[in-house]
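For reference, the structure is listed below as structure tokens.
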Amino acid sequence: MQLDQIDHVAIAVHDLDAAIEYYQQAFGSEVAHREIVERDGVEEALISVGESYIQLTTGTRPDSPISIFLDRNGEGIHHIGYRVKNCAEAIKAVVAAGSKAIDEVPRPGSRGTTVAFIHPKGALGTLIELVEDPSE
Ligand code: CO
């Protein structure tokens, strides 16, 4: 297993349109992709940074993990997504090496990806997402 690159850094925001406008104003960035992921209760906008993305993300309902994070912590970095070739193999390898999986079995992410999250406890306090992008 190998971490191929940073797929995205996710930033939790209260107001997605305002966050997009900030990136437009400050950096001249445009949105590469925007999507509501209903099952996770999130809406996200991807801003390209080279081959990677900044993922601006907000909750669509009060019980969504992003809404809960925002209530507790306010806006800020939520997780880091690392690109891997095979998400199922990668999460198995990470668990075998002693980390705690949130998703033992990979699940669908946004933009057609397959993802699995690793628990921040035992991962330097960082929520990590393994991302397999079939278009890569
Ligand atoms: Co993510």
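Simple scheme: letters A, B, ... for chains in structure tokens order, numbers from 1 for residues in each chain, numbers from 1 for ligands in the order shown.
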Original post:
Tell me, which residues of chain A carry DSSP strand (DSSP E), written as an NGL selection string?
Top reply: :A and (5-12 or 31-37 or 42-49 or 52-59 or 76-83 or 107-108 or 114-118 or 128-132)
**OP:** For Lys100 (chain A), work out the shell of residues within 10 Å, counting only C-alpha atoms and skipping chain neighbours fewer than 6 positions away, then give it as number ranges by chain.
**Re:** A: 91, 94, 117-123
**OP:** Give the residues close to ligand 1, within 8 Å, counting only C-alpha atoms and all ligand atoms; write them as number ranges by chain.
**Re:** A: 8-10, 55, 79-81, 109, 129, 131
Original post:
Any idea what's packed within 10 Å of Arg61 (chain A), counting only C-alpha atoms, ignoring anything in its chain fewer than 6 positions away? Could you give it as a VMD selection string?
Top reply: chain A and resid 38 40 to 42 67 to 68
Original post:
Which of these residues is nearest to Met1 (chain A), using only C-alpha atoms: A:Glu44, A:Glu51, A:Glu89, A:Asp63?
Top reply: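 Selected residue with least distance to Met1 (chain A): A:Glu89.
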**OP:** Identify, on the basis of only C-alpha atoms, every residue whose closest approach to Lys92 (chain A) does not exceed 12 Å; exclude the query and any residue fewer than 2 positions from it along the same chain; express the result as a ChimeraX atom specification.
**Re:** /A:1,86-90,94-106,116-118,130
Restricting the output to N, CA and C atoms, write the selected residues as an mmCIF file, in the first residue's frame.
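Written file, selection26.cif:
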data_model
loop_
_atom_site.group_PDB
_atom_site.id
_atom_site.type_symbol
_atom_site.label_atom_id
_atom_site.label_comp_id
_atom_site.auth_asym_id
_atom_site.auth_seq_id
_atom_site.Cartn_x
_atom_site.Cartn_y
_atom_site.Cartn_z
ATOM 1 N N MET A 1 0.845 -1.194 0.000
ATOM 2 C CA MET A 1 0.000 0.000 0.000
ATOM 3 C C MET A 1 0.875 1.236 0.000
ATOM 4 N N ASN A 86 -6.056 1.178 -4.275
ATOM 5 C CA ASN A 86 -7.107 0.220 -3.938
ATOM 6 C C ASN A 86 -7.526 0.466 -2.485
ATOM 7 N N CYS A 87 -8.693 1.030 -2.318
ATOM 8 C CA CYS A 87 -9.140 1.454 -0.990
ATOM 9 C C CYS A 87 -9.350 0.249 -0.061
ATOM 10 N N ALA A 88 -9.922 -0.820 -0.575
ATOM 11 C CA ALA A 88 -10.200 -2.009 0.252
ATOM 12 C C ALA A 88 -8.899 -2.599 0.793
ATOM 13 N N GLU A 89 -7.908 -2.736 -0.076
ATOM 14 C CA GLU A 89 -6.603 -3.264 0.359
ATOM 15 C C GLU A 89 -5.935 -2.305 1.331
ATOM 16 N N ALA A 90 -6.040 -1.024 1.050
ATOM 17 C CA ALA A 90 -5.364 -0.021 1.876
ATOM 18 C C ALA A 90 -5.931 -0.004 3.293
ATOM 19 N N VAL A 94 -3.938 -0.830 6.792
ATOM 20 C CA VAL A 94 -3.853 0.150 7.871
ATOM 21 C C VAL A 94 -4.353 -0.459 9.185
ATOM 22 N N VAL A 95 -5.444 -1.220 9.113
ATOM 23 C CA VAL A 95 -5.981 -1.891 10.308
ATOM 24 C C VAL A 95 -4.992 -2.953 10.797
ATOM 25 N N ALA A 96 -4.422 -3.699 9.874
ATOM 26 C CA ALA A 96 -3.435 -4.729 10.244
ATOM 27 C C ALA A 96 -2.232 -4.094 10.930
ATOM 28 N N ALA A 97 -1.934 -2.850 10.573
ATOM 29 C CA ALA A 97 -0.795 -2.146 11.166
ATOM 30 C C ALA A 97 -1.172 -1.464 12.480
ATOM 31 N N GLY A 98 -2.441 -1.636 12.915
ATOM 32 C CA GLY A 98 -2.810 -1.177 14.247
ATOM 33 C C GLY A 98 -3.733 0.013 14.330
ATOM 34 N N SER A 99 -4.118 0.600 13.204
ATOM 35 C CA SER A 99 -5.035 1.738 13.250
ATOM 36 C C SER A 99 -6.477 1.260 13.354
ATOM 37 N N LYS A 100 -7.337 2.170 13.812
ATOM 38 C CA LYS A 100 -8.746 1.852 13.979
ATOM 39 C C LYS A 100 -9.510 2.424 12.792
ATOM 40 N N ALA A 101 -10.244 1.565 12.099
ATOM 41 C CA ALA A 101 -11.029 2.030 10.952
ATOM 42 C C ALA A 101 -12.388 2.536 11.410
ATOM 43 N N ILE A 102 -12.858 3.603 10.808
ATOM 44 C CA ILE A 102 -14.266 3.986 10.943
ATOM 45 C C ILE A 102 -15.072 3.176 9.926
ATOM 46 N N ASP A 103 -14.513 3.016 8.742
ATOM 47 C CA ASP A 103 -15.116 2.168 7.703
ATOM 48 C C ASP A 103 -14.208 0.964 7.462
ATOM 49 N N GLU A 104 -14.588 -0.189 8.027
ATOM 50 C CA GLU A 104 -13.807 -1.413 7.773
ATOM 51 C C GLU A 104 -13.940 -1.810 6.302
ATOM 52 N N VAL A 105 -15.132 -1.520 5.771
ATOM 53 C CA VAL A 105 -15.403 -1.811 4.364
ATOM 54 C C VAL A 105 -15.589 -0.470 3.652
ATOM 55 N N PRO A 106 -14.878 -0.255 2.539
ATOM 56 C CA PRO A 106 -15.005 1.020 1.822
ATOM 57 C C PRO A 106 -16.436 1.284 1.377
ATOM 58 N N ALA A 116 -12.687 5.231 2.590
ATOM 59 C CA ALA A 116 -12.755 4.629 3.927
ATOM 60 C C ALA A 116 -12.044 5.573 4.885
ATOM 61 N N PHE A 117 -12.675 5.791 6.047
ATOM 62 C CA PHE A 117 -12.092 6.704 7.041
ATOM 63 C C PHE A 117 -11.356 5.931 8.128
ATOM 64 N N ILE A 118 -10.288 6.531 8.625
ATOM 65 C CA ILE A 118 -9.489 6.006 9.738
ATOM 66 C C ILE A 118 -9.743 6.907 10.940
ATOM 67 N N LEU A 130 -9.087 7.535 3.139
ATOM 68 C CA LEU A 130 -8.396 6.914 1.996
ATOM 69 C C LEU A 130 -9.333 6.998 0.796
#
Subject >> Residue nearest Ser110 (chain A) among A:Ser64, A:Thr57, A:Thr126, A:Gln5 (counting only C-alpha atoms) >> reply: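 So, comparing all the options, the nearest one is A:Thr57.
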Enumerate, in order of chain and increasing residue number, the residues of region 28-130 of chain A with an atom no farther than 8 Å from region 13-22 of chain A, each with its shortest atom pair and distance in Å to one decimal, counting only C-alpha atoms, as CSV.
residue,atom,partner,partner_atom,distance
A:Glu30,CA,A:Ile20,CA,7.9
A:Val31,CA,A:Ile20,CA,7.4
A:Glu43,CA,A:Leu16,CA,7.9
A:Glu44,CA,A:Leu16,CA,7.5
A:Ala45,CA,A:Ile20,CA,7.6
A:Leu56,CA,A:Val13,CA,6.6
A:Thr57,CA,A:Val13,CA,5.9
A:Thr58,CA,A:Val13,CA,5.3
A:Gly59,CA,A:His14,CA,7.8
A:Leu70,CA,A:His14,CA,7.2
A:Gly74,CA,A:Val13,CA,7.8
A:Glu75,CA,A:Val13,CA,5.0
A:Gly76,CA,A:Val13,CA,7.0
**OP:** Apply DSSP to the backbone of this structure and, from chain A, keep only the residues in alpha helix (DSSP H); write these as a ChimeraX atom specification.
**Re:** /A:16-27,65-73,87-96
Original post:
In terms of the shortest atom-to-atom distance over only C-alpha atoms, which of A:Asn73, A:Ala12, A:Pro65, A:Arg111 is closest to Glu35 (chain A)?
Top reply: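 The shortest atom-to-atom distance to Glu35 (chain A) comes from A:Arg111.
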Subject >> Given only C-alpha atoms as the counted atoms, nearest of A:Ile6, A:Leu124, A:Val115, A:Val84 to Ser48 (chain A) >> reply: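 Answer, going by the shortest atom-to-atom distance: A:Ile6.
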**OP:** Measuring atom to atom with only C-alpha atoms, identify which of A:Gln2, A:Ser29, A:Thr113, A:Ser52 is nearest to Ser135 (chain A).
**Re:**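 Comparing A:Gln2, A:Ser29, A:Thr113, A:Ser52 against Ser135 (chain A), the winner is A:Thr113.
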Original post:
Quick one: distance from CA of Leu3 (chain A) to CA of Thr114 (chain A) in Å, one decimal?
Top reply: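 So the two atoms, CA of Leu3 (chain A) and CA of Thr114 (chain A), lie 14.8 Å apart.
Separating CA of Pro134 (chain A) from CA of Gly112 (chain A) is a distance of 7.4 Å.
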